[in-house]
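First up is the structure itself, then whatever we jot down about it.
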Amino acid sequence: MRFLRRNSAEQTATTESDTETGPAAAEHAPNHTPKKGKPTPKRREAEGKRRGPVPPPPKTQREAVKRARGNKDERRQAAKERRERMMQGDDRYLMPRDKGPVRAYVRDLVDTRRHLMGLFMPLVLIVFATTLAQNLVVQQYATLFCMVLLVMMVVEGTLLGRYVNKRVRAKFPDAKDRPFSLGWYAFTRAMQIRKLRVPRPRYTPKDIAKVA
């Protein structure tokens, strides 16, 4: 009888120890993370809370048109501001080929000189007009004039590229731009009409002394 009582007491103690090592012991474990009591919100719900409530859908067609027009005006105003910043030469809004102090200096060198290459666009119009003329003599003289002008433009572009590279190497000795790249950049800018150049020229031929 004592043996049986002893076993019963040991089983009771074992049961109580197992009960204590259950959920109660798990709460006091060092690596245990208590439950939140609610499910984790989804990413879409969390972003919606951060951005604020979603506006209700338009009730009428007029309200929908008005809301769309407002969004369109905002986008148009933002595009206008970006365009103006780009025309002013802000590096944050320029194209990759126009960014950097070296390219800005090349633009200033080109803008402070008068170039024969600026006649490229009018030359294209002249060539187009001569193709419409019925007079063969006029076409021959116009073609000859265009060929001579093109040769002069190529020579001027070569000299401009050398001039720009020389000035850039003197002012920016650590510049990594290739000579051909700088020369071509100057050539393409000089071919454009001054009013159509992007970014807008900061200097005129009268300010040539200001560009050191």
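Going by the structure tokens order, chains are called A, B, ..., each with residues numbered from 1, while ligands are numbered from 1 in the order shown.
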Tell me, counting only C-alpha atoms, for each residue of region 182-209 of chain A within 12 Å of region 155-165 of chain A, which pair of atoms is nearest and how far apart they are in Å to one decimal, in rows ordered by chain and increasing number, as a tab-separated table.
residue	atom	partner	partner_atom	distance
A:Leu182	CA	A:Asn165	CA	6.7
A:Gly183	CA	A:Gly161	CA	3.9
A:Trp184	CA	A:Gly161	CA	7.0
A:Tyr185	CA	A:Gly161	CA	8.6
A:Ala186	CA	A:Gly161	CA	6.6
A:Phe187	CA	A:Gly157	CA	5.6
A:Thr188	CA	A:Gly157	CA	9.0
A:Arg189	CA	A:Gly157	CA	10.5
A:Ala190	CA	A:Gly157	CA	8.3
A:Met191	CA	A:Gly157	CA	9.1
Contacts of Met95 (chain A) within 10 Å, only C-alpha atoms, excl. fewer than 2 positions in-chain, as a list in words: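 Contacts, with the query itself left out: Met86, Asp91, Arg92, Tyr93, Arg97, Asp98, Lys99, Val198 and Pro199 of chain A.
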Near-region 103-119 of chain A list (7 Å; only C-alpha atoms; drop same-chain fewer than 3 positions) as a list in words: Asp98, Lys99, Gly100, Pro122, Leu123, Met153, Val164, Ala186, Ala190, Met191, Gln192, Ile193, Pro201, Arg202, Tyr203, Thr204, Pro205, Asp207, Ile208 and Val211 of chain A
I want to know what sits within 10 Å of Lys171 (chain A), based on only C-alpha atoms, with residues of the same chain fewer than 3 positions away left out; could you give that as a VMD selection string? chain A and resid 102 105 165 to 168 174 to 175 212
Using only C-alpha atoms, find the one residue out of A:Tyr141, A:Val154, A:Leu94, A:Arg85 that sits nearest to Phe120 (chain A).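 Between A:Tyr141, A:Val154, A:Leu94, A:Arg85, the residue approaching Phe120 (chain A) most closely is A:Val154.
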